[in-house]
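Text of start17.txt, listed as compact mmCIF, C-alpha atoms:
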```
# COMPACT_ATOMS: atom_id res chain seq x y z
CA MET A 1 125.75 60.44 88.58
CA SER A 2 124.63 58.15 91.45
CA VAL A 3 121.02 57.09 91.96
CA ALA A 4 119.36 58.95 94.82
CA ASP A 5 117.27 57.44 97.62
CA SER A 6 113.51 58.11 97.35
CA ALA A 7 113.71 60.55 100.26
CA THR A 8 116.18 62.70 98.34
CA ALA A 9 114.91 62.17 94.80
CA ASP A 10 113.93 65.79 94.30
CA LEU A 11 117.24 67.20 95.49
CA GLY A 12 120.11 68.37 93.28
CA PRO A 13 123.55 66.69 93.46
CA ALA A 14 125.01 69.20 95.92
CA GLU A 15 121.93 69.10 98.20
CA LYS A 16 121.93 65.27 98.22
CA LYS A 17 125.57 65.22 99.31
CA LEU A 18 124.88 67.81 102.01
CA GLU A 19 121.91 65.76 103.32
CA GLU A 20 124.10 62.66 103.49
CA LEU A 21 126.62 64.59 105.57
CA THR A 22 123.83 65.87 107.85
CA ILE A 23 122.53 62.33 108.38
CA ASP A 24 126.04 61.13 109.27
CA ASN A 25 126.46 64.00 111.71
CA ASN A 26 123.14 63.16 113.41
CA VAL A 27 124.24 59.54 113.87
CA GLU A 28 127.41 60.75 115.54
CA LYS A 29 125.46 63.05 117.82
CA GLU A 30 123.06 60.24 118.87
CA SER A 31 126.03 58.02 119.68
CA ASP A 32 127.58 60.80 121.71
CA ASN A 33 124.34 61.25 123.69
CA GLU A 34 124.18 57.49 124.46
CA ASP A 35 127.73 57.60 125.80
CA ASP A 36 126.81 60.60 127.94
CA ASP A 37 123.85 58.71 129.51
CA ASP A 38 126.15 55.84 130.48
CA ASP A 39 128.51 58.30 132.09
CA ASP A 40 125.61 59.81 134.09
CA GLU A 41 124.58 56.44 135.51
CA ALA A 42 128.12 55.75 136.63
CA ALA A 43 128.33 59.20 138.14
CA GLU A 44 125.22 58.66 140.33
CA GLU A 45 126.95 55.69 141.98
CA GLY A 46 130.11 57.68 142.68
CA GLU A 47 130.90 60.64 144.85
CA ALA A 48 128.98 63.91 144.53
CA GLY A 49 132.01 65.86 143.32
CA GLU A 50 132.73 63.32 140.61
CA LYS A 51 129.05 63.42 139.62
CA THR A 52 129.14 67.18 139.25
CA GLN A 53 132.28 67.06 137.11
CA LYS A 54 130.77 64.52 134.71
CA LYS A 55 127.58 66.55 134.36
CA LYS A 56 129.67 69.58 133.46
CA ARG A 57 131.50 67.58 130.83
CA LYS A 58 128.18 66.36 129.47
CA ASN A 59 126.72 69.86 129.25
CA LYS A 60 129.85 71.14 127.57
CA LYS A 61 129.59 68.40 124.96
CA LYS A 62 125.92 69.12 124.32
CA ASN A 63 126.48 72.81 123.79
CA LYS A 64 129.36 72.30 121.35
CA LYS A 65 128.12 72.97 117.80
CA LYS A 66 129.81 71.56 114.76
CA LYS A 67 130.60 73.99 111.97
CA LYS A 68 129.05 73.17 108.62
CA ALA A 69 131.71 72.47 106.02
CA GLY A 70 131.46 72.31 102.27
CA LEU A 71 131.81 69.08 100.37
CA GLY A 72 134.94 70.20 98.54
CA ALA A 73 136.11 68.66 95.29
CA ALA A 74 135.22 65.17 96.56
CA GLY A 75 131.54 66.07 96.18
CA GLN A 76 131.83 66.69 92.44
CA THR A 77 129.83 64.62 89.96
CA SER A 78 131.16 62.82 86.89
CA PRO A 79 130.99 64.47 84.43
CA PRO A 80 131.48 67.63 86.53
CA SER A 81 128.28 69.64 86.86
CA ILE A 82 128.12 71.18 90.37
CA PRO A 83 129.37 74.80 90.57
CA VAL A 84 132.42 75.03 92.81
CA SER A 85 130.74 77.85 94.75
CA GLN A 86 128.35 75.20 96.12
CA LEU A 87 131.13 72.80 97.05
CA PHE A 88 133.21 75.53 98.73
CA PRO A 89 130.68 77.77 100.56
CA ASN A 90 131.68 81.19 101.85
CA ASN A 91 134.58 81.41 99.38
CA SER A 92 136.45 78.63 101.22
CA TYR A 93 138.53 77.71 98.17
CA SER A 94 141.84 75.98 98.76
CA GLU A 95 145.08 77.92 98.59
CA GLY A 96 147.47 76.98 95.85
CA GLN A 97 150.99 75.74 96.57
CA ILE A 98 152.59 78.26 98.95
CA CYS A 99 156.29 78.99 98.37
CA LYS A 100 158.08 81.23 100.87
CA TYR A 101 160.46 83.84 99.55
CA THR A 102 164.17 83.45 100.25
CA ASP A 103 167.31 85.57 100.43
CA GLU A 104 166.65 89.31 100.37
CA ASN A 105 162.88 88.76 100.21
CA LYS A 106 162.76 86.36 103.16
CA TYR A 107 161.49 89.10 105.47
CA ARG A 108 158.26 89.36 103.46
CA THR A 109 156.78 86.17 104.94
CA THR A 110 156.54 87.59 108.47
CA SER A 111 156.41 91.34 107.75
CA GLU A 112 153.25 92.95 109.15
CA GLU A 113 153.43 95.59 106.43
CA MET A 114 153.47 92.89 103.72
CA ARG A 115 150.61 91.03 105.40
CA ALA A 116 148.55 94.21 105.39
CA LYS A 117 149.24 94.65 101.67
CA ASP A 118 148.27 91.01 101.11
CA ARG A 119 144.87 91.59 102.70
CA LEU A 120 144.14 94.38 100.22
CA ASN A 121 144.17 91.79 97.41
CA GLU A 122 141.85 89.34 99.14
CA GLN A 123 139.07 89.47 96.52
CA GLN A 124 141.50 88.89 93.66
CA LEU A 125 142.84 85.82 95.46
CA VAL A 126 139.31 84.49 96.01
CA ASP A 127 138.56 84.92 92.30
CA LEU A 128 141.80 83.24 91.23
CA ARG A 129 141.36 80.32 93.64
CA ARG A 130 137.81 79.79 92.44
CA ALA A 131 139.00 79.72 88.81
CA ALA A 132 141.86 77.38 89.76
CA GLU A 133 139.47 74.96 91.48
CA VAL A 134 137.33 74.87 88.34
CA HIS A 135 140.42 74.14 86.27
CA ARG A 136 141.52 71.28 88.55
CA GLU A 137 138.11 69.60 88.60
CA VAL A 138 137.51 69.94 84.85
CA ARG A 139 140.96 68.70 83.92
CA GLN A 140 140.70 65.76 86.32
CA HIS A 141 137.66 64.56 84.37
CA ALA A 142 139.30 65.33 81.03
CA ARG A 143 142.51 63.45 81.87
CA ALA A 144 140.50 60.42 82.97
CA ASN A 145 138.35 60.35 79.84
CA ILE A 146 140.39 61.58 76.86
CA ARG A 147 141.53 58.55 74.88
CA PRO A 148 142.41 57.45 71.34
CA GLY A 149 139.42 57.34 69.03
CA MET A 150 137.84 60.53 70.42
CA ASP A 151 137.56 63.50 68.08
CA LEU A 152 138.87 66.93 69.02
CA THR A 153 135.48 68.65 68.89
CA THR A 154 134.05 66.22 71.45
CA ILE A 155 137.04 66.82 73.73
CA ALA A 156 136.81 70.62 73.39
CA GLU A 157 133.09 70.62 74.19
CA MET A 158 133.61 68.32 77.19
CA ILE A 159 136.16 70.71 78.67
CA GLU A 160 134.28 73.91 77.82
CA ASN A 161 130.87 72.69 78.98
CA GLY A 162 132.40 71.53 82.25
CA THR A 163 134.08 74.90 82.70
CA ARG A 164 130.85 76.80 81.99
CA ALA A 165 128.93 74.73 84.54
CA LEU A 166 131.49 74.80 87.35
CA VAL A 167 132.36 78.49 87.07
CA GLU A 168 128.68 79.46 86.54
CA GLU A 169 129.34 81.32 83.31
CA ARG A 170 128.07 84.91 83.41
CA GLY A 171 129.79 86.85 80.65
CA PHE A 172 132.46 89.14 82.04
CA GLU A 173 131.82 87.99 85.63
CA SER A 174 132.95 84.40 85.06
CA GLY A 175 133.55 82.03 82.20
CA ILE A 176 136.06 80.55 79.78
CA GLY A 177 139.41 82.34 79.73
CA PHE A 178 140.33 81.43 76.13
CA PRO A 179 139.55 78.69 73.57
CA THR A 180 140.60 75.16 74.48
CA GLY A 181 143.90 74.37 72.77
CA LEU A 182 144.11 70.80 71.45
CA SER A 183 147.33 70.65 69.48
CA LEU A 184 148.62 67.35 68.09
CA ASN A 185 152.17 66.14 67.49
CA HIS A 186 154.25 68.73 65.57
CA CYS A 187 151.60 71.41 66.22
CA ALA A 188 152.66 73.05 69.48
CA ALA A 189 149.89 75.60 70.15
CA HIS A 190 146.88 77.63 69.04
CA TYR A 191 144.85 74.79 67.54
CA THR A 192 141.21 74.30 68.45
CA PRO A 193 138.71 72.60 66.13
CA ASN A 194 136.50 74.73 63.91
CA ALA A 195 133.01 73.56 62.95
CA GLY A 196 133.14 70.29 61.03
CA ASP A 197 136.58 69.33 62.35
CA PHE A 198 136.40 65.74 63.56
CA VAL A 199 140.08 64.81 63.66
CA GLU A 200 140.45 61.77 65.91
CA ILE A 201 143.25 61.01 68.36
CA LYS A 202 145.42 58.03 67.48
CA GLU A 203 147.36 55.70 69.79
CA ASP A 204 150.70 57.23 68.78
CA ASP A 205 149.64 60.88 69.08
CA VAL A 206 150.95 63.48 71.53
CA LEU A 207 148.18 65.87 72.60
CA LYS A 208 148.64 69.26 74.28
CA VAL A 209 145.58 70.39 76.30
CA ASP A 210 145.62 74.10 77.17
CA PHE A 211 142.55 75.82 78.62
CA GLY A 212 141.71 78.79 80.80
CA VAL A 213 139.13 79.90 83.36
CA HIS A 214 138.36 83.44 84.46
CA VAL A 215 136.48 84.99 87.37
CA ASN A 216 135.99 88.76 87.09
CA GLY A 217 138.70 88.81 84.43
CA HIS A 218 141.30 87.08 86.63
CA ILE A 219 142.53 84.21 84.45
CA ILE A 220 144.00 80.83 85.36
CA ASP A 221 146.04 79.49 82.43
CA SER A 222 147.33 75.93 82.75
CA ALA A 223 148.24 73.16 80.32
CA PHE A 224 149.33 69.53 80.22
CA THR A 225 150.34 66.93 77.62
CA MET A 226 148.90 63.44 77.11
CA ALA A 227 150.40 60.47 75.26
CA TRP A 228 149.35 56.83 75.11
CA ASN A 229 152.68 55.40 74.00
CA ASP A 230 155.27 55.13 76.79
CA ARG A 231 158.08 56.03 74.43
CA TYR A 232 157.10 59.72 74.75
CA LYS A 233 157.51 59.79 78.53
CA PRO A 234 160.95 61.51 78.44
CA LEU A 235 159.46 64.32 76.34
CA LEU A 236 156.57 64.79 78.78
CA ASP A 237 158.92 64.61 81.76
CA ALA A 238 161.18 67.25 80.20
CA VAL A 239 158.48 69.92 79.95
CA LYS A 240 157.09 69.19 83.41
CA ASP A 241 160.55 69.43 84.95
CA ALA A 242 161.33 72.59 82.97
CA THR A 243 158.07 74.28 84.01
CA ASN A 244 158.55 73.36 87.66
CA THR A 245 162.06 74.80 87.44
CA GLY A 246 160.73 78.06 86.00
CA VAL A 247 158.10 78.30 88.73
CA ARG A 248 160.71 77.58 91.41
CA GLU A 249 163.14 80.20 90.09
CA ALA A 250 160.48 82.90 89.68
CA GLY A 251 160.06 85.58 92.30
CA ILE A 252 160.00 89.28 93.06
CA ASP A 253 162.95 91.09 91.41
CA VAL A 254 164.04 87.98 89.49
CA ARG A 255 165.20 88.74 85.93
CA LEU A 256 163.22 87.09 83.14
CA GLY A 257 166.35 86.14 81.21
CA ASP A 258 167.69 84.22 84.23
CA ILE A 259 164.50 82.17 84.41
CA GLY A 260 164.86 81.32 80.72
CA ALA A 261 168.42 80.12 81.28
CA ALA A 262 167.34 77.81 84.13
CA ILE A 263 164.50 76.38 82.03
CA GLN A 264 166.77 75.77 79.04
CA GLU A 265 169.38 73.96 81.14
CA VAL A 266 166.81 71.52 82.49
CA MET A 267 165.03 70.96 79.19
CA GLU A 268 168.23 70.20 77.31
CA SER A 269 169.28 67.63 79.91
CA TYR A 270 166.67 65.27 78.48
CA GLU A 271 166.79 63.05 75.42
CA ILE A 272 164.34 60.63 73.84
CA GLU A 273 164.71 57.50 71.73
CA LEU A 274 162.35 57.26 68.76
CA ASP A 275 162.58 54.57 66.08
CA GLY A 276 166.08 53.62 67.14
CA LYS A 277 167.41 57.19 67.14
CA VAL A 278 168.37 59.12 70.26
CA LEU A 279 167.16 62.72 69.91
CA PRO A 280 167.76 65.73 72.16
CA VAL A 281 164.74 67.44 73.66
CA LYS A 282 164.94 71.07 72.58
CA PRO A 283 163.07 74.06 74.00
CA ILE A 284 160.98 75.85 71.37
CA ARG A 285 162.88 79.11 71.55
CA ASN A 286 160.24 81.40 70.02
CA LEU A 287 157.51 80.37 72.47
CA CYS A 288 157.40 81.71 76.02
CA GLY A 289 155.44 82.28 79.19
CA HIS A 290 153.79 85.60 80.03
CA ASN A 291 152.23 87.78 82.66
CA ILE A 292 148.44 88.01 82.85
CA GLY A 293 146.30 91.10 83.39
CA PRO A 294 142.57 91.57 83.98
CA TYR A 295 140.86 90.21 80.84
CA LEU A 296 144.28 90.07 79.13
CA ILE A 297 145.90 86.68 78.68
CA HIS A 298 149.18 88.29 77.55
CA SER A 299 149.79 91.48 79.48
CA GLY A 300 153.16 92.71 78.22
CA LYS A 301 155.98 90.72 79.84
CA SER A 302 157.30 87.52 78.26
CA VAL A 303 159.09 84.77 80.19
CA PRO A 304 161.58 83.10 77.81
CA ILE A 305 162.33 79.38 77.93
CA VAL A 306 165.89 79.89 76.69
CA ALA A 307 168.67 82.11 78.00
CA ASN A 308 168.63 85.71 76.77
CA ARG A 309 169.71 89.15 77.92
CA ASP A 310 166.31 90.34 79.09
CA GLN A 311 166.95 92.23 82.35
CA THR A 312 163.25 92.90 82.99
CA LYS A 313 162.28 91.92 86.54
CA MET A 314 159.20 90.28 87.95
CA GLU A 315 157.36 92.56 90.37
CA GLU A 316 155.26 92.25 93.48
CA GLY A 317 151.58 91.56 92.75
CA GLU A 318 152.10 90.25 89.23
CA LEU A 319 150.32 87.18 87.89
CA PHE A 320 152.39 84.95 85.60
CA ALA A 321 152.00 81.80 83.53
CA ILE A 322 155.20 79.82 83.17
CA GLU A 323 154.77 77.58 80.13
CA THR A 324 157.43 75.50 78.48
CA PHE A 325 157.46 73.66 75.17
CA GLY A 326 159.80 70.85 74.26
CA THR A 327 160.28 69.33 70.82
CA THR A 328 162.07 66.60 68.93
CA GLY A 329 162.19 68.90 65.91
CA SER A 330 163.98 72.13 65.05
CA GLY A 331 163.15 74.09 68.22
CA TYR A 332 161.37 76.80 66.24
CA VAL A 333 157.68 77.15 65.29
CA GLN A 334 155.94 79.04 62.53
CA GLU A 335 152.33 79.84 61.66
CA GLU A 336 150.63 77.26 59.47
CA GLY A 337 147.09 76.03 58.83
CA VAL A 338 143.53 77.28 59.19
CA CYS A 339 143.15 79.86 61.95
CA SER A 340 140.74 79.32 64.84
CA HIS A 341 142.00 81.65 67.62
CA TYR A 342 141.28 85.39 67.62
CA ALA A 343 141.22 88.32 70.08
CA LYS A 344 140.16 91.94 69.90
CA THR A 345 143.27 94.06 70.39
CA SER A 346 142.20 97.63 69.59
CA GLU A 347 139.25 99.92 69.03
CA GLY A 348 138.23 100.90 65.53
CA GLN A 349 135.36 101.63 63.17
CA PRO A 350 135.23 99.13 60.30
CA ARG A 351 133.59 100.34 57.11
CA LEU A 352 132.08 97.01 56.15
CA PRO A 353 128.51 96.61 57.57
CA SER A 354 129.00 92.88 58.30
CA ALA A 355 132.26 93.67 60.10
CA LYS A 356 130.52 96.34 62.23
CA LYS A 357 127.85 93.84 63.28
CA LEU A 358 130.43 91.19 64.09
CA LEU A 359 132.57 93.63 66.07
CA HIS A 360 129.54 94.48 68.20
CA THR A 361 129.06 90.77 68.97
CA ILE A 362 132.74 90.32 69.82
CA THR A 363 132.87 93.39 72.08
CA LYS A 364 129.64 92.46 73.86
CA ASN A 365 130.54 88.83 74.53
CA PHE A 366 134.34 88.65 74.75
CA GLY A 367 135.84 92.11 75.10
CA THR A 368 139.60 91.48 75.05
CA LEU A 369 139.31 87.79 75.98
CA PRO A 370 140.37 85.42 73.16
CA PHE A 371 137.64 83.60 71.24
CA CYS A 372 137.34 81.09 68.42
CA ARG A 373 135.02 80.50 65.51
CA ARG A 374 133.07 77.83 67.39
CA TYR A 375 132.15 80.46 69.99
CA LEU A 376 130.76 82.72 67.26
CA ASP A 377 128.76 79.77 65.90
CA ARG A 378 127.37 79.16 69.38
CA LEU A 379 126.14 82.75 69.55
CA GLY A 380 124.21 82.26 66.31
CA GLU A 381 126.56 84.20 64.03
CA THR A 382 126.55 82.98 60.42
CA HIS A 383 128.38 83.97 57.21
CA TYR A 384 130.81 86.00 59.29
CA TYR A 385 134.15 84.95 57.83
CA TYR A 386 134.47 87.87 55.40
CA GLY A 387 133.67 90.37 58.19
CA LEU A 388 136.14 88.65 60.52
CA ARG A 389 138.85 88.82 57.90
CA HIS A 390 138.12 92.54 57.47
CA LEU A 391 138.54 93.13 61.22
CA VAL A 392 141.88 91.30 61.13
CA ASP A 393 143.05 93.32 58.11
CA GLN A 394 142.08 96.55 59.88
CA GLY A 395 144.12 95.59 62.96
CA ILE A 396 141.08 95.59 65.24
CA VAL A 397 141.18 91.83 65.79
CA MET A 398 144.35 89.74 65.92
CA ALA A 399 144.45 86.27 64.35
CA TYR A 400 146.51 83.54 66.04
CA PRO A 401 147.05 80.66 63.57
CA PRO A 402 148.37 77.26 64.67
CA LEU A 403 152.08 77.19 65.56
CA VAL A 404 153.96 74.19 64.18
CA ASP A 405 157.45 72.68 64.19
CA VAL A 406 158.67 70.49 61.32
CA LYS A 407 156.36 67.67 60.26
CA GLY A 408 157.21 64.35 61.83
CA SER A 409 158.40 65.93 65.05
CA PHE A 410 156.63 65.75 68.40
CA THR A 411 156.03 68.63 70.82
CA ALA A 412 154.94 68.76 74.46
CA GLN A 413 153.76 71.56 76.78
CA SER A 414 153.43 72.15 80.52
CA GLU A 415 152.09 75.30 82.19
CA HIS A 416 151.23 76.73 85.61
CA THR A 417 149.84 80.06 86.83
CA PHE A 418 151.19 81.74 89.98
CA ILE A 419 150.92 85.09 91.71
CA LEU A 420 153.70 87.00 93.47
CA ARG A 421 151.86 88.01 96.62
CA PRO A 422 153.56 90.51 98.94
CA THR A 423 154.21 87.72 101.49
CA VAL A 424 154.58 84.50 99.45
CA LYS A 425 154.50 83.07 95.95
CA GLU A 426 151.30 81.09 95.39
CA VAL A 427 151.17 78.52 92.58
CA LEU A 428 147.43 78.72 92.01
CA SER A 429 146.96 76.00 89.39
CA ARG A 430 148.96 73.33 91.26
CA GLY A 431 147.05 70.07 91.85
CA ASP A 432 147.58 66.44 92.77
CA ASP A 433 148.01 65.62 89.07
CA TYR A 434 150.77 68.14 88.25
```
Go through the file and emit its structure as structure tokens.
Amino acid sequence: MSVADSATADLGPAEKKLEELTIDNNVEKESDNEDDDDDDEAAEEGEAGEKTQKKKRKNKKKNKKKKKAGLGAAGQTSPPSIPVSQLFPNNSYSEGQICKYTDENKYRTTSEEMRAKDRLNEQQLVDLRRAAEVHREVRQHARANIRPGMDLTTIAEMIENGTRALVEERGFESGIGFPTGLSLNHCAAHYTPNAGDFVEIKEDDVLKVDFGVHVNGHIIDSAFTMAWNDRYKPLLDAVKDATNTGVREAGIDVRLGDIGAAIQEVMESYEIELDGKVLPVKPIRNLCGHNIGPYLIHSGKSVPIVANRDQTKMEEGELFAIETFGTTGSGYVQEEGVCSHYAKTSEGQPRLPSAKKLLHTITKNFGTLPFCRRYLDRLGETHYYYGLRHLVDQGIVMAYPPLVDVKGSFTAQSEHTFILRPTVKEVLSRGDDY
């Protein structure tokens, strides 16, 4: 954070930036007024008609008021601490990447009927764009600061604390969409550190970073992969290319199986050389993308990353996350290791008193949003593991253990969230980084 001048010492970061902009604007206005005075002197020496014209121009300039604009993402601190609502006043959040529909849906872009339907979803779009802006600003800081030697708990807290600050966490109104996934090497997904986990990143590691932000239950789900050894670049390029292909192919009335086929074709066009061996990059066939509902990270539809016969179609208004996973291993993951991810999936009345108490905490703080054991620790829950296991056994809470390919393999992930608006497809999580 920069050191403030004495005149602005008592102001917060956002207010300081706004004052700087105001000062700059005043300087511009003074300069404009000086120029106007020079024009007036010249006008007095000229003809009366010319004098009148210049005075009119001067008055017009004086009466013109500049609109106050927000600072935007450029006004963010490092580490990020200013809520995006202060940087983008009056809900002036940026649109995501706009993709016009083609072929039989081409008419939607200019249809007045579709535009009217689009306006009905205005608040949802504001919420999603706000969440997406938080994601972009938090991940920008994370990508610049994650490095070998850092432990996973420190990284998770950096991302989650930044998210809480920028989205102005308020329970079900706004907050974290799901636990921060920090999966290393052959572990593809669903790993976040539990208390006491201080695994450190090494120079030759491949790290998947997957985190979510929600506003009023509307979730942005986006992920990226980091590696510090250039030899993994083809693996990282493969998943980015595959995800962008899936996003490009997606649209209203598009069949999910066709998207999977397009993703698979691109992914399998890549290969990687490791330790003198050339290996194909394989899609992890039992992982997939998904649609997203209010407070539901997986809302029923799955987007495969390999060809299959699924004839289910994407529909107008749906929110999807296209996520692809590539691997140097078998192309298939299984559950393995200590579980950290959980989510409440049904109602029920556990018989165990400790389970009843824990269920109340889960329902009150997370509802159907995923959570992890660190989040329970943060709420002051202790000695809860037996009660949590009881809730899982009763089918009230679902456990999501880490998903791993064969040991010694390396996996990568890329993910974007988009919405199929009536008029256009908007890739909400798109940024300058990916």
Open item on the list: Using all atoms listed in the file and a cutoff of 12 Å, can you tell me which residues are near (140.1, 87.4, 97.7) in the file's coordinates, and write them out as a list in words?
Closed with: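 Within 12 Å of (140.1, 87.4, 97.7), the protein and nucleic acid residues are Asn90, Asn91, Ser92, Tyr93, Ser94, Glu95, Asp118, Arg119, Leu120, Asn121, Glu122, Gln123, Gln124, Leu125, Val126, Asp127, Leu128, Arg129, Arg130, Ala131, Val215, Asn216, His218 and Arg421 of chain A.
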Distance table requested - region 202-252 of chain A against region 169-190 of chain A, cut-off 8 Å, all atoms listed in the file: one row per qualifying residue with the closest atom pair and its distance in Å to one decimal, ordered by chain and rising residue number, as a tab-separated table.
```
residue	atom	partner	partner_atom	distance
A:Asp205	CA	A:Asn185	CA	6.0
A:Val206	CA	A:Asn185	CA	5.0
A:Leu207	CA	A:Leu184	CA	4.8
A:Lys208	CA	A:Ser183	CA	5.2
A:Val209	CA	A:Leu182	CA	5.1
A:Asp210	CA	A:Gly181	CA	4.7
A:Phe211	CA	A:Thr180	CA	4.6
A:Gly212	CA	A:Gly177	CA	4.4
A:Val213	CA	A:Gly177	CA	4.4
A:His214	CA	A:Gly177	CA	5.0
A:Val215	CA	A:Ser174	CA	4.3
A:Asn216	CA	A:Glu173	CA	4.5
A:Gly217	CA	A:Phe172	CA	6.7
A:Ile219	CA	A:Gly177	CA	6.0
A:Ile220	CA	A:Gly177	CA	7.4
A:Asp221	CA	A:Gly177	CA	7.7
```
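Between CA of Leu287 (chain A) and CA of Gly326 (chain A) there is a distance of 10.0 Å.
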Give me the region 220-255 of chain A side of the contact with region 313-318 of chain A, cut-off 10 Å, one line per residue showing its nearest atom pair and distance in Å at one decimal, counting all atoms listed in the file, sorted by chain and residue number, as CSV.
```
residue,atom,partner,partner_atom,distance
A:Ala250,CA,A:Met314,CA,7.7
A:Gly251,CA,A:Met314,CA,6.5
A:Ile252,CA,A:Glu315,CA,5.0
A:Asp253,CA,A:Lys313,CA,5.0
A:Val254,CA,A:Lys313,CA,5.2
A:Arg255,CA,A:Lys313,CA,4.4
```
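Among the candidates A:Ala195, A:Ile259, A:Ala223, A:Val404, the residue lying nearest to Gln334 (chain A) is A:Val404 (atoms considered: all atoms listed in the file).
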Open item on the list: I'd like the neighbourhood of region 139-145 of chain A as a list in words, where a residue qualifies if any of its atoms comes within 10 Å (using all atoms listed in the file), though same-chain residues fewer than 5 positions away should be ignored.
Closed with: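 In the requested format, the answer is Thr77, Ser78, Pro79, Pro80, Glu133, Val134, Met150, Ile155, Ala156, Met158, Ile159, Gly162, Thr163, Val209, Asp210, Phe211, Ser222, Ala223, Phe224, Thr225, Met226, Gly431, Asp432 and Asp433 of chain A.
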- [ ] Grab the CA of Thr312 (chain A) to CA of Ile396 (chain A) distance for me, in Å with one decimal place.
- [x] 28.5 Å
Task: CA of Thr363 (chain A) to CA of Gly293 (chain A), distance in Å rounded to a single decimal - done: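 We find that CA of Thr363 (chain A) and CA of Gly293 (chain A) lie 17.7 Å from each other.
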Open item on the list: Please determine, counting all atoms listed in the file, which residue among A:Ser340, A:Ser269, A:Gln97, A:Ser81 has the shortest atom-to-atom distance to Pro193 (chain A).
Closed with: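 Among the listed residues, A:Ser340 lies closest to Pro193 (chain A).
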Can you take the partial region 357-373 of chain A, add N, CA and C atoms, and return it as a CSV table (one decimal), in the frame of the given file?
```csv
chain,number,residue,atom,x,y,z
A,357,LYS,N,128.8,94.7,62.5
A,357,LYS,CA,127.8,93.8,63.3
A,357,LYS,C,128.6,92.8,64.1
A,358,LEU,N,129.6,92.2,63.4
A,358,LEU,CA,130.4,91.2,64.1
A,358,LEU,C,131.2,91.8,65.2
A,359,LEU,N,131.8,93.0,65.0
A,359,LEU,CA,132.6,93.6,66.1
A,359,LEU,C,131.7,93.9,67.3
A,360,HIS,N,130.5,94.3,67.1
A,360,HIS,CA,129.5,94.5,68.2
A,360,HIS,C,129.4,93.2,69.0
A,361,THR,N,129.2,92.1,68.3
A,361,THR,CA,129.1,90.8,69.0
A,361,THR,C,130.3,90.4,69.8
A,362,ILE,N,131.5,90.6,69.2
A,362,ILE,CA,132.7,90.3,69.8
A,362,ILE,C,132.9,91.2,71.1
A,363,THR,N,132.7,92.5,71.0
A,363,THR,CA,132.9,93.4,72.1
A,363,THR,C,131.9,93.0,73.2
A,364,LYS,N,130.7,92.7,72.9
A,364,LYS,CA,129.6,92.5,73.9
A,364,LYS,C,129.9,91.2,74.6
A,365,ASN,N,130.4,90.1,73.9
A,365,ASN,CA,130.5,88.8,74.5
A,365,ASN,C,131.9,88.5,75.0
A,366,PHE,N,133.0,89.0,74.4
A,366,PHE,CA,134.3,88.6,74.8
A,366,PHE,C,135.2,89.8,75.2
A,367,GLY,N,134.9,91.0,74.8
A,367,GLY,CA,135.8,92.1,75.1
A,367,GLY,C,137.2,91.8,74.6
A,368,THR,N,138.2,91.8,75.5
A,368,THR,CA,139.6,91.5,75.0
A,368,THR,C,140.0,90.0,75.3
A,369,LEU,N,139.0,89.2,75.8
A,369,LEU,CA,139.3,87.8,76.0
A,369,LEU,C,139.4,87.1,74.6
A,370,PRO,N,140.3,86.2,74.4
A,370,PRO,CA,140.4,85.4,73.2
A,370,PRO,C,139.1,84.6,72.9
A,371,PHE,N,138.8,84.4,71.6
A,371,PHE,CA,137.6,83.6,71.2
A,371,PHE,C,138.0,82.8,70.0
A,372,CYS,N,137.1,81.9,69.6
A,372,CYS,CA,137.3,81.1,68.4
A,372,CYS,C,136.1,81.1,67.6
A,373,ARG,N,136.2,80.5,66.4
A,373,ARG,CA,135.0,80.5,65.5
A,373,ARG,C,133.9,79.7,66.0
```
